[in-house]
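The structure under discussion appears below in the form of structure tokens.
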There are 2 protein chains.
Amino acid sequence: MISVSEAIQHIENYCKPNKTVQKSIQKVRNRILAEDVISPINMPPFKQSSMDGYAFRYSDTSVYTIVGEVQAGSATNFQLKEGEAVRIFTGARVPNDADTVVIQEHTSTDGKELTIEKLPKMYSNVRPLGEQIEIGAIALKKGILLNEAAIGFLAGLGITEVLVYKKPSVSILVTGNELKQVGEPLEEGQVYDSNSITLELALRQLGIKKVTIDKVEDTLKATKKAVQKHLKKSDIVLISGGISVGDYDFVKESLEANGVSEVFYKVNQKPGKPLWFGHKDQQIVFALPGNPASSLSCFYVYVLPILKAKLGHTNYHLPRIQAKASDSIKNIHGKTLFLKGSVIEGEATQLRGQASSMLKSFAVSNALLVVPEEVNTIEKGTEITCVKLS
Amino acid sequence: MISVSEAIQHIENYCKPNKTVQKSIQKVRNRILAEDVISPINMPPFKQSSMDGYAFRYSDTSVYTIVGEVQAGSATNFQLKEGEAVRIFTGARVPNDADTVVIQEHTSTDGKELTIEKLPKMYSNVRPLGEQIEIGAIALKKGILLNEAAIGFLAGLGITEVLVYKKPSVSILVTGNELKQVGEPLEEGQVYDSNSITLELALRQLGIKKVTIDKVEDTLKATKKAVQKHLKKSDIVLISGGISVGDYDFVKESLEANGVSEVFYKVNQKPGKPLWFGHKDQQIVFALPGNPASSLSCFYVYVLPILKAKLGHTNYHLPRIQAKASDSIKNIHGKTLFLKGSVIEGEATQLRGQASSMLKSFAVSNALLVVPEEVNTIEKGTEITCVKLS
């Protein structure tokens with residue numbers, strides 16, 4: 001059995017980005033950019049008016065002759081003589097001969113005669129070519145999170161595709177003959193499977209949609225076969241249950257038989273002690289405890305960092321914050337505790353219902369309160385580390 | 001022209017939840033529960049072993065006869081006489097006659113003879129029927145965010161569908177003859193449309209997928225027709241551009257002609273002054289400024305709260321935090337400023353490139369720094385309100 005910090009160190013050795021792939025900008029929201037993107041154009045691509053008004057060559061004169069109009073989108077380039085101006089609109093191309101735009105609220109007109117009533121500063125309301133970015137400059141740096149603004153910015157530069165990190169495919173194998181799928185009637189001795197949907201939704205939250213769920217019969221033969229099949233199918237295999245000491249737990253043996261190397265088995269933590277982690281070449285395998293709360297807790301602390309790293313995140317752990325314990329917390333187990341908790345305005349409270357089987361408290365918690373194995377008591381009002389869940 | 005706080009007050013009058021709809025639990029991730037959910041079963045549904053070991057009726061005796069085995073999922077109920085025990089596994093049904101489970105690590109066996117080497121406390125390792133939740137009790141309360149744990153908990157109770165708030169459908173009308181769609185070649189005087197993808201992705205981030213994008217020609221006739229069409233199609237219509245004072249801005253007239261009542265037009269803010277907000281019965285219409293950064297800024301401050309409220313959120317505004325200004329910030333405009341900024345460890349920094357047209361700074365910002373209209377200077381080191389973006 002290893003400590004939580006040893007287990008996390010092992011995990012971090014496998015926190016490496018996936019291969020990259022070219023994707024349409026429509027498909028890359030919330031993904032990490034895997035290249036520096038160079039701007040293929042000047043932005044704006046021409047000297048552009050930022051207001052509705054009149055473009056002219058700056059001088060002290062206040063009266064001009066309007067010789068034409070430039071609508072937004074028009075390619076027209078008026079040649080302006082001294083004392084001439086053009087009507088212009090927001091986003092339109094400012095004629096080469098003009099350098100300043102006066103907003104229409106500061107003018108009056110009489111037929112073709114324009115009077116500037118409040119002279120703006122020279123160059124006002126004109127965006128120089130390449131003001132936002134010049135052709136050949138770095139538009140966005142490798143490693144940035146592609147949110148709507150970043151993608152909109154790329155679209156504005158005419159960029160249609162970018163390089164991102166490939167999403168891993170994941171298999172979820174559910175063991176446990178006592179498990180019924182939701183929608184089926186429950187017989188004596190049976191319970192509903194909640195782990196597969198919980199894990200699937202946690203994966204979807206990370207943008208991972210290639211998820212295969214397989215219910216595996218509790219026999220050595222079936223388990224071996226399922227492991228073999230899903231190692232062929234997915235980058236990451238998550239096995240739910242079947243990893244404790246019972247006679248009917250065949251997972252460990254099936255993994256060994258399929259050449260999956262154990263990195264660690266059993267972590268000195270509560271919940272989630274019988275966690276198994278291994279790999280076969282580049283493929284990652286986790287055997288997660290079957291108890292729903294243990295399974296999800298292990299997912300957040302150990303599985304999620306590997307997934308986020310594969311997606312290109314360098315901050316791949318869930319954020320940890322310090323909060324003040326609203327009450328004292330005992331640790332009689334000598335294990336690291338991950339307690340379903342609620343952090344509100346810097347105060348951390350342990351929720352009722354900490355048993356490994358209970359998802360109810362998880363449903364309303366926004367943090368896991370971490371009590372290290374060597375700490376017997378967190379005193380009320382002292383600081384406690386909290387893993388932020390939302 | 002109204003102030004930002006007046007505009008937000010108006011917006012809040014329209015922050016009401018949508019109608020409700022019954023949805024499969026597979027489809028409700030990140031949505032708000034619109035009903036109290038009552039548990040249809042006891043959880044666990046039977047007296048359940050939480051460990052692999054042996055079930056027995058508690059006594060001081062340390063030697064028992066093993067009379068059978070209960071696998072997880074089995075309905076078998078052994079009748080135990082004094083001095084008898086059964087082999088049992090995690091998740092399995094504990095016989096009615098037993099009350100305690102000893103873990104197998106604390107026993108030894110010789111054929112049918114079981115010796116308990118370390119006697120547990122009475123009732124150890126047995127989860128009573130209904131321990132997590134009893135039949136008829138409230139499983140989850142109306143208003144909770146349905147994350148993976150909450151949905152997993154519902155699945156564990158055998159619940160397949162819940163009531164949530166209907167997602168609004170949204171139309172995005174893009175005006176501006178100067179705009180080309182990404183992928184097309186750019187001609188002189190033209191720029192690429194970035195608003196439609198930016199808004200579409202911001203909507204998808206909220207889970208809103210019924211989004212229709214329509215490019216509208218800059219004529220009064222086309223604009224009127226488009227407004228009419230999309231008022232029939234969508235709950236919310238977002239119009240990008242065409243709302244300033246230029247001769248070619250037909251949006252305001254088209255909205256009036258279609259019976260959309262103005263709630264406000266023009267807000268004393270930078271960017272985003274020419275924001276228009278109105279409604280036709282229950283339908284909401286925003287005319288957003290055409291400049292990309294103005295458009296997105298208005299989306300976050302005014303559009304997003306209405307959308308989140310429709311989805312059932314009661315905290316519908318983006319979170320606001322206080323941070324220390326890393327440098328002094330001048331406000332020479334007498335307007336409320338929303339500055340693209342970066343908040344790191346409680347320190348707020350204004351980013352370069354604040355022009356209304358510039359998405360680049362938005363792409364790397366994680367907050368909008370808010371300078372109220374009545375404040376001329378935020379001194380370095382003093383507190384500034386920041387709207388958190390991520």
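Please note that chains go A, B, ... in the order of the structure tokens, that every chain numbers its residues from 1, and that ligands are numbered from 1 in the order shown.
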
Considering only C-alpha atoms, return as a list of chain:residue names whatever protein or nucleic-acid residues lie within 8 Å of stretch 258-274 of chain A, sequence-local ones (same chain, fewer than 5 positions apart) excluded.
A:Met1, A:Ile2, A:Ser3, A:Val4, A:Ala7, A:His10, A:Lys224, A:Val227, A:Gln228, A:Ile243, A:Ser244, A:His279, A:Lys280, A:Val285, A:Leu288, A:Pro289, A:Ala293, A:Ser294, A:Ser295, A:Ser297, A:Cys298, A:Lys335, A:Thr336, A:Leu337, A:Phe338, A:Ala355, A:Ser356, A:Glu373

Output the contact residues of chain A with respect to chain B at a cut-off of 7 Å, based on only C-alpha atoms, as a ChimeraX atom specification.
/A:46,52,72-75,89,92-93,132,147-153,155-160,177-179,182-183,188-190,192-195,197-198,201-202,245-246,358-360,362-363

Cα-based least-squares overlay of chain B on chain A, as a compact mmCIF listing (two decimals) with C-alpha atoms, in the first residue's frame:
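Output saved as part17.txt:
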# COMPACT_ATOMS: atom_id res chain seq x y z
CA MET B 1 -0.01 -0.06 0.03
CA ILE B 2 1.32 3.36 -0.90
CA SER B 3 0.47 6.85 0.33
CA VAL B 4 -1.72 9.31 -1.58
CA SER B 5 1.26 11.52 -2.39
CA GLU B 6 3.21 8.55 -3.75
CA ALA B 7 0.21 7.52 -5.83
CA ILE B 8 -0.13 11.05 -7.24
CA GLN B 9 3.59 11.06 -8.12
CA HIS B 10 3.08 7.85 -10.08
CA ILE B 11 0.06 9.34 -11.83
CA GLU B 12 2.01 12.46 -12.82
CA ASN B 13 4.53 10.29 -14.68
CA TYR B 14 1.70 9.45 -17.06
CA CYS B 15 0.37 13.01 -17.38
CA LYS B 16 1.51 13.66 -20.93
CA PRO B 17 -0.29 15.25 -23.86
CA ASN B 18 -1.79 13.05 -26.56
CA LYS B 19 -0.90 13.21 -30.23
CA THR B 20 -2.14 16.28 -32.08
CA VAL B 21 -4.82 16.55 -34.71
CA GLN B 22 -6.05 19.29 -37.08
CA LYS B 23 -9.67 20.27 -36.32
CA SER B 24 -12.23 22.76 -37.60
CA ILE B 25 -12.54 25.78 -35.30
CA GLN B 26 -16.21 24.79 -34.88
CA LYS B 27 -15.03 21.69 -33.00
CA VAL B 28 -12.31 22.96 -30.67
CA ARG B 29 -14.21 24.79 -27.94
CA ASN B 30 -12.65 24.13 -24.49
CA ARG B 31 -9.65 22.41 -26.04
CA ILE B 32 -6.00 23.40 -25.71
CA LEU B 33 -4.20 24.85 -28.72
CA ALA B 34 -1.27 22.61 -29.74
CA GLU B 35 0.58 25.14 -31.93
CA ASP B 36 1.41 28.82 -32.17
CA VAL B 37 -1.12 30.23 -34.64
CA ILE B 38 0.29 32.82 -37.05
CA SER B 39 -2.01 35.48 -38.43
CA PRO B 40 -2.46 35.08 -42.19
CA ILE B 41 -3.76 38.66 -42.56
CA ASN B 42 -3.48 42.15 -41.17
CA MET B 43 -6.34 42.88 -38.81
CA PRO B 44 -8.02 45.14 -39.73
CA PRO B 45 -7.04 44.31 -43.32
CA PHE B 46 -7.37 47.97 -44.34
CA LYS B 47 -7.52 51.41 -42.74
CA GLN B 48 -10.96 51.19 -41.16
CA SER B 49 -13.49 53.65 -39.79
CA SER B 50 -14.61 52.86 -36.25
CA MET B 51 -17.62 55.21 -36.41
CA ASP B 52 -20.38 56.51 -38.67
CA GLY B 53 -19.37 59.96 -39.93
CA TYR B 54 -17.17 61.66 -42.53
CA ALA B 55 -13.61 60.86 -43.57
CA PHE B 56 -11.29 63.72 -44.50
CA ARG B 57 -7.64 64.74 -44.56
CA TYR B 58 -6.98 66.56 -41.31
CA SER B 59 -6.76 70.37 -41.46
CA ASP B 60 -8.18 73.40 -39.66
CA THR B 61 -10.86 73.84 -42.30
CA SER B 62 -14.38 73.26 -41.02
CA VAL B 63 -16.28 73.24 -44.34
CA TYR B 64 -15.91 70.39 -46.84
CA THR B 65 -17.57 69.16 -50.01
CA ILE B 66 -18.98 65.65 -49.78
CA VAL B 67 -17.80 63.84 -52.90
CA GLY B 68 -19.17 60.37 -52.19
CA GLU B 69 -19.96 57.65 -49.73
CA VAL B 70 -18.12 54.51 -48.56
CA GLN B 71 -20.37 51.80 -47.20
CA ALA B 72 -19.04 49.03 -45.02
CA GLY B 73 -17.84 46.26 -47.32
CA SER B 74 -17.18 48.58 -50.25
CA ALA B 75 -13.81 48.43 -52.02
CA THR B 76 -14.11 51.97 -53.38
CA ASN B 77 -11.10 54.22 -52.81
CA PHE B 78 -12.02 57.88 -53.30
CA GLN B 79 -9.25 60.27 -54.30
CA LEU B 80 -9.81 63.33 -52.13
CA LYS B 81 -8.71 66.81 -53.10
CA GLU B 82 -8.20 69.52 -50.51
CA GLY B 83 -11.52 70.46 -48.91
CA GLU B 84 -13.21 67.22 -49.88
CA ALA B 85 -14.69 64.57 -47.57
CA VAL B 86 -16.64 61.34 -47.93
CA ARG B 87 -19.58 59.99 -45.99
CA ILE B 88 -18.37 56.84 -44.21
CA PHE B 89 -19.81 54.12 -41.99
CA THR B 90 -18.53 51.94 -39.13
CA GLY B 91 -16.27 49.20 -40.44
CA ALA B 92 -15.86 50.81 -43.87
CA ARG B 93 -12.56 51.38 -45.65
CA VAL B 94 -11.12 54.87 -45.11
CA PRO B 95 -9.84 56.34 -48.43
CA ASN B 96 -6.03 56.39 -48.74
CA ASP B 97 -6.10 60.20 -48.92
CA ALA B 98 -8.02 60.56 -45.63
CA ASP B 99 -6.60 60.17 -42.12
CA THR B 100 -9.40 61.24 -39.77
CA VAL B 101 -13.11 60.51 -39.28
CA VAL B 102 -15.45 63.00 -37.61
CA ILE B 103 -18.54 61.39 -36.09
CA GLN B 104 -21.79 62.47 -37.67
CA GLU B 105 -23.15 63.85 -34.36
CA HIS B 106 -20.43 66.55 -34.59
CA THR B 107 -21.37 67.71 -38.10
CA SER B 108 -24.15 69.34 -40.04
CA THR B 109 -24.84 69.13 -43.76
CA ASP B 110 -26.52 71.24 -46.37
CA GLY B 111 -26.76 69.31 -49.61
CA LYS B 112 -23.16 68.48 -50.56
CA GLU B 113 -21.75 70.87 -47.98
CA LEU B 114 -20.39 69.43 -44.74
CA THR B 115 -19.69 71.58 -41.71
CA ILE B 116 -17.57 70.09 -38.94
CA GLU B 117 -18.87 71.64 -35.74
CA LYS B 118 -16.49 69.94 -33.35
CA LEU B 119 -13.13 69.10 -34.85
CA PRO B 120 -11.77 65.77 -33.59
CA LYS B 121 -8.08 65.10 -32.98
CA MET B 122 -6.08 64.02 -36.00
CA TYR B 123 -6.35 60.24 -36.74
CA SER B 124 -9.51 59.99 -34.60
CA ASN B 125 -11.92 57.12 -35.31
CA VAL B 126 -9.55 55.46 -37.77
CA ARG B 127 -8.17 52.00 -37.05
CA PRO B 128 -4.78 51.65 -38.78
CA LEU B 129 -4.20 48.58 -40.96
CA GLY B 130 -2.89 45.74 -38.74
CA GLU B 131 -3.72 47.62 -35.52
CA GLN B 132 -5.04 44.50 -33.74
CA ILE B 133 -2.53 42.12 -35.30
CA GLU B 134 -0.12 42.21 -38.23
CA ILE B 135 0.27 39.53 -40.85
CA GLY B 136 2.84 36.93 -39.73
CA ALA B 137 2.57 37.78 -36.03
CA ILE B 138 1.58 35.16 -33.43
CA ALA B 139 -2.18 35.38 -33.01
CA LEU B 140 -2.51 32.80 -30.23
CA LYS B 141 0.17 30.89 -28.41
CA LYS B 142 0.39 27.13 -27.99
CA GLY B 143 -1.18 26.04 -24.72
CA ILE B 144 -4.06 28.55 -24.63
CA LEU B 145 -7.56 27.33 -23.77
CA LEU B 146 -9.79 27.82 -26.82
CA ASN B 147 -12.83 29.61 -25.42
CA GLU B 148 -15.43 31.42 -27.51
CA ALA B 149 -13.39 34.64 -27.64
CA ALA B 150 -10.24 32.86 -28.80
CA ILE B 151 -12.13 30.95 -31.48
CA GLY B 152 -13.98 34.09 -32.58
CA PHE B 153 -10.62 35.85 -32.86
CA LEU B 154 -9.30 33.03 -35.08
CA ALA B 155 -12.46 33.20 -37.22
CA GLY B 156 -11.91 36.95 -37.64
CA LEU B 157 -8.47 36.18 -39.05
CA GLY B 158 -10.02 33.78 -41.56
CA ILE B 159 -8.51 30.71 -39.86
CA THR B 160 -10.67 27.61 -40.32
CA GLU B 161 -8.61 24.87 -38.66
CA VAL B 162 -6.12 24.59 -35.80
CA LEU B 163 -3.97 21.91 -34.22
CA VAL B 164 -5.29 20.51 -30.91
CA TYR B 165 -4.58 17.42 -28.79
CA LYS B 166 -6.48 14.28 -29.69
CA LYS B 167 -9.21 13.29 -27.28
CA PRO B 168 -8.59 9.88 -25.71
CA SER B 169 -11.15 7.14 -26.22
CA VAL B 170 -12.32 5.49 -23.01
CA SER B 171 -13.92 2.16 -22.16
CA ILE B 172 -15.85 1.67 -18.93
CA LEU B 173 -16.15 -1.96 -17.85
CA VAL B 174 -18.74 -2.50 -15.15
CA THR B 175 -18.37 -5.62 -13.01
CA GLY B 176 -20.77 -6.83 -10.33
CA ASN B 177 -23.54 -9.39 -10.82
CA GLU B 178 -25.68 -7.48 -8.32
CA LEU B 179 -25.98 -4.52 -10.71
CA LYS B 180 -29.09 -3.87 -12.75
CA GLN B 181 -29.29 -1.17 -15.41
CA VAL B 182 -31.67 1.70 -14.70
CA GLY B 183 -35.08 0.99 -16.23
CA GLU B 184 -35.00 -2.74 -15.49
CA PRO B 185 -36.96 -4.05 -12.49
CA LEU B 186 -34.91 -4.59 -9.32
CA GLU B 187 -34.96 -8.06 -7.78
CA GLU B 188 -34.08 -9.02 -4.22
CA GLY B 189 -30.34 -8.61 -3.60
CA GLN B 190 -29.83 -6.34 -6.60
CA VAL B 191 -28.99 -2.64 -6.84
CA TYR B 192 -28.90 -0.22 -9.75
CA ASP B 193 -25.60 0.53 -11.48
CA SER B 194 -24.74 4.17 -10.98
CA ASN B 195 -21.00 4.10 -11.73
CA SER B 196 -21.22 3.81 -15.49
CA ILE B 197 -23.43 6.89 -15.96
CA THR B 198 -21.48 8.86 -13.35
CA LEU B 199 -18.15 8.14 -15.06
CA GLU B 200 -19.58 8.65 -18.54
CA LEU B 201 -20.94 12.08 -17.60
CA ALA B 202 -17.68 13.03 -15.87
CA LEU B 203 -15.88 12.14 -19.11
CA ARG B 204 -18.35 14.13 -21.21
CA GLN B 205 -17.74 17.11 -18.93
CA LEU B 206 -14.12 16.95 -20.14
CA GLY B 207 -15.36 16.81 -23.74
CA ILE B 208 -14.61 13.08 -24.10
CA LYS B 209 -17.44 11.53 -26.08
CA LYS B 210 -15.89 8.32 -27.40
CA VAL B 211 -16.97 6.29 -24.40
CA THR B 212 -17.89 2.60 -24.57
CA ILE B 213 -19.70 1.01 -21.64
CA ASP B 214 -19.61 -2.74 -21.24
CA LYS B 215 -21.28 -4.78 -18.51
CA VAL B 216 -19.01 -7.71 -17.65
CA GLU B 217 -20.16 -10.95 -16.06
CA ASP B 218 -18.31 -11.83 -12.83
CA THR B 219 -16.28 -14.74 -14.15
CA LEU B 220 -12.55 -14.90 -14.82
CA LYS B 221 -13.17 -15.87 -18.44
CA ALA B 222 -15.58 -13.02 -19.17
CA THR B 223 -13.40 -10.48 -17.39
CA LYS B 224 -10.24 -11.57 -19.27
CA LYS B 225 -12.07 -11.38 -22.57
CA ALA B 226 -13.53 -7.95 -21.84
CA VAL B 227 -10.14 -6.54 -20.84
CA GLN B 228 -8.60 -7.91 -24.03
CA LYS B 229 -11.37 -6.48 -26.20
CA HIS B 230 -11.28 -3.00 -24.69
CA LEU B 231 -7.48 -2.74 -24.72
CA LYS B 232 -7.84 -3.05 -28.49
CA LYS B 233 -10.63 -0.49 -28.58
CA SER B 234 -9.73 2.37 -26.26
CA ASP B 235 -6.79 4.48 -25.09
CA ILE B 236 -7.97 4.31 -21.51
CA VAL B 237 -9.81 1.50 -19.77
CA LEU B 238 -11.70 2.18 -16.55
CA ILE B 239 -12.89 -0.90 -14.70
CA SER B 240 -15.53 -0.40 -12.06
CA GLY B 241 -15.47 -2.89 -9.19
CA GLY B 242 -14.04 -6.35 -8.84
CA ILE B 243 -10.70 -5.28 -7.42
CA SER B 244 -11.05 -6.03 -3.69
CA VAL B 245 -10.14 -9.27 -1.93
CA GLY B 246 -13.33 -11.27 -2.54
CA ASP B 247 -13.30 -14.63 -4.24
CA TYR B 248 -15.29 -13.20 -7.13
CA ASP B 249 -12.95 -10.35 -7.92
CA PHE B 250 -11.25 -11.36 -11.14
CA VAL B 251 -10.02 -8.01 -12.38
CA LYS B 252 -6.43 -8.12 -11.13
CA GLU B 253 -5.82 -11.56 -12.63
CA SER B 254 -7.43 -10.54 -15.92
CA LEU B 255 -5.23 -7.47 -16.21
CA GLU B 256 -2.07 -9.49 -15.58
CA ALA B 257 -3.16 -12.11 -18.10
CA ASN B 258 -3.53 -9.33 -20.69
CA GLY B 259 -0.05 -7.94 -20.10
CA VAL B 260 -1.12 -4.82 -18.26
CA SER B 261 1.70 -3.83 -15.87
CA GLU B 262 0.73 -2.78 -12.38
CA VAL B 263 2.06 0.61 -11.31
CA PHE B 264 0.31 0.54 -7.95
CA TYR B 265 -2.45 -1.31 -6.13
CA LYS B 266 -4.03 -0.02 -2.94
CA VAL B 267 -3.64 3.49 -1.65
CA ASN B 268 -3.72 4.48 2.01
CA GLN B 269 -6.90 6.51 1.63
CA LYS B 270 -10.56 6.51 2.52
CA PRO B 271 -12.58 6.11 0.41
CA GLY B 272 -10.90 4.29 -2.46
CA LYS B 273 -8.29 2.04 -0.84
CA PRO B 274 -8.44 -0.79 -3.44
CA LEU B 275 -7.51 1.46 -6.37
CA TRP B 276 -5.42 -0.26 -9.07
CA PHE B 277 -3.43 1.65 -11.67
CA GLY B 278 -1.40 0.25 -14.53
CA HIS B 279 -0.51 0.56 -18.19
CA LYS B 280 0.23 -1.44 -21.30
CA ASP B 281 2.65 0.61 -23.40
CA GLN B 282 0.80 3.92 -23.90
CA GLN B 283 -2.56 2.62 -22.72
CA ILE B 284 -3.78 3.45 -19.25
CA VAL B 285 -5.87 1.16 -17.07
CA PHE B 286 -7.58 2.05 -13.82
CA ALA B 287 -9.51 -0.45 -11.75
CA LEU B 288 -11.73 1.73 -9.61
CA PRO B 289 -13.49 0.56 -6.46
CA GLY B 290 -17.10 -0.49 -7.07
CA ASN B 291 -18.58 1.70 -4.35
CA PRO B 292 -20.04 4.75 -6.11
CA ALA B 293 -18.52 7.44 -3.91
CA SER B 294 -15.10 5.71 -3.85
CA SER B 295 -15.18 5.38 -7.61
CA LEU B 296 -15.95 9.06 -8.23
CA SER B 297 -13.47 10.23 -5.60
CA CYS B 298 -10.69 8.19 -7.29
CA PHE B 299 -11.79 9.53 -10.67
CA TYR B 300 -11.35 13.16 -9.58
CA VAL B 301 -8.02 12.65 -7.80
CA TYR B 302 -6.27 10.14 -10.12
CA VAL B 303 -8.06 9.63 -13.45
CA LEU B 304 -9.02 13.21 -14.30
CA PRO B 305 -5.40 14.55 -14.19
CA ILE B 306 -4.28 11.98 -16.75
CA LEU B 307 -7.24 12.78 -19.01
CA LYS B 308 -6.71 16.55 -18.75
CA ALA B 309 -2.98 16.11 -19.45
CA LYS B 310 -3.81 14.05 -22.54
CA LEU B 311 -6.06 16.90 -23.68
CA GLY B 312 -3.08 19.24 -23.38
CA HIS B 313 -3.79 20.93 -20.04
CA THR B 314 -0.68 21.68 -18.00
CA ASN B 315 -2.74 22.48 -14.89
CA TYR B 316 -4.25 19.03 -14.95
CA HIS B 317 -5.18 18.56 -11.30
CA LEU B 318 -8.45 19.89 -9.94
CA PRO B 319 -7.71 23.19 -8.20
CA ARG B 320 -6.86 22.99 -4.50
CA ILE B 321 -7.77 25.80 -2.15
CA GLN B 322 -7.33 26.45 1.56
CA ALA B 323 -10.43 26.95 3.70
CA LYS B 324 -11.20 27.14 7.43
CA ALA B 325 -12.74 24.03 8.96
CA SER B 326 -16.18 24.94 10.32
CA ASP B 327 -15.88 22.14 12.87
CA SER B 328 -13.15 19.79 14.06
CA ILE B 329 -12.54 16.70 11.90
CA LYS B 330 -11.16 13.48 13.39
CA ASN B 331 -9.05 11.02 11.43
CA ILE B 332 -9.03 7.75 13.37
CA HIS B 333 -7.97 5.71 10.36
CA GLY B 334 -4.38 6.79 9.77
CA LYS B 335 -5.40 7.17 6.14
CA THR B 336 -5.74 10.21 3.93
CA LEU B 337 -9.42 11.14 3.98
CA PHE B 338 -11.27 12.68 1.02
CA LEU B 339 -14.45 13.98 2.62
CA LYS B 340 -17.44 15.19 0.64
CA GLY B 341 -17.75 18.78 1.72
CA SER B 342 -19.11 22.19 1.08
CA VAL B 343 -16.91 25.27 0.90
CA ILE B 344 -18.82 28.52 1.22
CA GLU B 345 -17.06 31.85 1.68
CA GLY B 346 -13.82 30.24 2.74
CA GLU B 347 -15.43 27.92 5.30
CA ALA B 348 -15.22 24.16 4.76
CA THR B 349 -17.91 21.88 6.17
CA GLN B 350 -17.95 18.10 6.07
CA LEU B 351 -21.30 16.83 4.76
CA ARG B 352 -23.33 14.03 6.32
CA GLY B 353 -23.15 10.63 4.60
CA GLN B 354 -19.46 9.90 3.97
CA ALA B 355 -19.86 6.13 3.40
CA SER B 356 -18.18 4.79 0.25
CA SER B 357 -21.53 3.72 -1.12
CA MET B 358 -23.22 7.11 -0.82
CA LEU B 359 -23.46 9.44 -3.79
CA LYS B 360 -26.09 11.63 -2.13
CA SER B 361 -23.59 13.81 -0.29
CA PHE B 362 -21.43 13.99 -3.44
CA ALA B 363 -24.43 15.33 -5.35
CA VAL B 364 -24.55 18.43 -3.16
CA SER B 365 -20.85 18.85 -2.38
CA ASN B 366 -18.60 21.35 -4.11
CA ALA B 367 -15.28 20.16 -2.70
CA LEU B 368 -13.40 17.21 -1.28
CA LEU B 369 -11.87 18.11 2.08
CA VAL B 370 -8.45 16.46 2.37
CA VAL B 371 -7.22 15.21 5.76
CA PRO B 372 -3.65 13.86 5.34
CA GLU B 373 -2.86 10.40 6.74
CA GLU B 374 -0.48 11.76 9.39
CA VAL B 375 -3.03 14.22 10.80
CA ASN B 376 -5.27 12.96 13.64
CA THR B 377 -7.42 16.04 14.04
CA ILE B 378 -8.16 19.14 12.04
CA GLU B 379 -9.13 21.66 14.70
CA LYS B 380 -12.15 23.86 14.16
CA GLY B 381 -11.09 27.15 12.57
CA THR B 382 -7.76 25.86 11.24
CA GLU B 383 -6.92 25.54 7.58
CA ILE B 384 -7.82 22.50 5.53
CA THR B 385 -6.95 21.74 1.93
CA CYS B 386 -9.98 21.33 -0.33
CA VAL B 387 -10.13 19.91 -3.84
CA LYS B 388 -12.60 22.13 -5.72
CA LEU B 389 -15.23 20.19 -7.63
CA SER B 390 -17.24 23.04 -9.13

Please identify the helix (DSSP H, G or I) residues within stretch 92-181 of chain B (assignment by DSSP from backbone atoms) and present them as a list in words.
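Everything in stretch 92-181 of chain B that counts as helix (DSSP H, G or I) is Gln104, Glu105, His106, Glu148, Ala149, Ala150, Ile151, Gly152, Phe153, Leu154, Ala155 and Gly156 of chain B.
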
With N, CA and C atoms retained, could you export that selection as a CSV table (one decimal), in the first residue's frame?
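Final output, saved to out.csv:
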chain,number,residue,atom,x,y,z
B,104,GLN,N,-12.7,-10.8,5.9
B,104,GLN,CA,-12.1,-12.0,5.8
B,104,GLN,C,-10.6,-12.0,6.3
B,105,GLU,N,-10.0,-10.8,6.3
B,105,GLU,CA,-8.6,-10.7,6.8
B,105,GLU,C,-8.5,-11.0,8.3
B,106,HIS,N,-9.7,-10.9,9.0
B,106,HIS,CA,-9.7,-11.1,10.4
B,106,HIS,C,-10.2,-12.5,10.8
B,148,GLU,N,-22.6,15.1,-12.4
B,148,GLU,CA,-22.5,13.7,-12.6
B,148,GLU,C,-22.8,12.9,-11.3
B,149,ALA,N,-22.5,13.4,-10.2
B,149,ALA,CA,-22.8,12.7,-8.9
B,149,ALA,C,-24.3,12.7,-8.7
B,150,ALA,N,-24.9,13.8,-8.9
B,150,ALA,CA,-26.4,13.9,-8.7
B,150,ALA,C,-27.1,12.9,-9.7
B,151,ILE,N,-26.7,12.9,-10.9
B,151,ILE,CA,-27.3,12.0,-11.9
B,151,ILE,C,-27.0,10.6,-11.6
B,152,GLY,N,-25.8,10.3,-11.2
B,152,GLY,CA,-25.5,8.9,-10.7
B,152,GLY,C,-26.3,8.5,-9.5
B,153,PHE,N,-26.5,9.4,-8.6
B,153,PHE,CA,-27.3,9.1,-7.4
B,153,PHE,C,-28.8,8.8,-7.9
B,154,LEU,N,-29.3,9.5,-8.8
B,154,LEU,CA,-30.7,9.3,-9.3
B,154,LEU,C,-30.7,7.9,-10.0
B,155,ALA,N,-29.7,7.6,-10.8
B,155,ALA,CA,-29.6,6.3,-11.5
B,155,ALA,C,-29.6,5.2,-10.5
B,156,GLY,N,-28.9,5.3,-9.4
B,156,GLY,CA,-28.8,4.3,-8.3
B,156,GLY,C,-30.2,4.1,-7.7
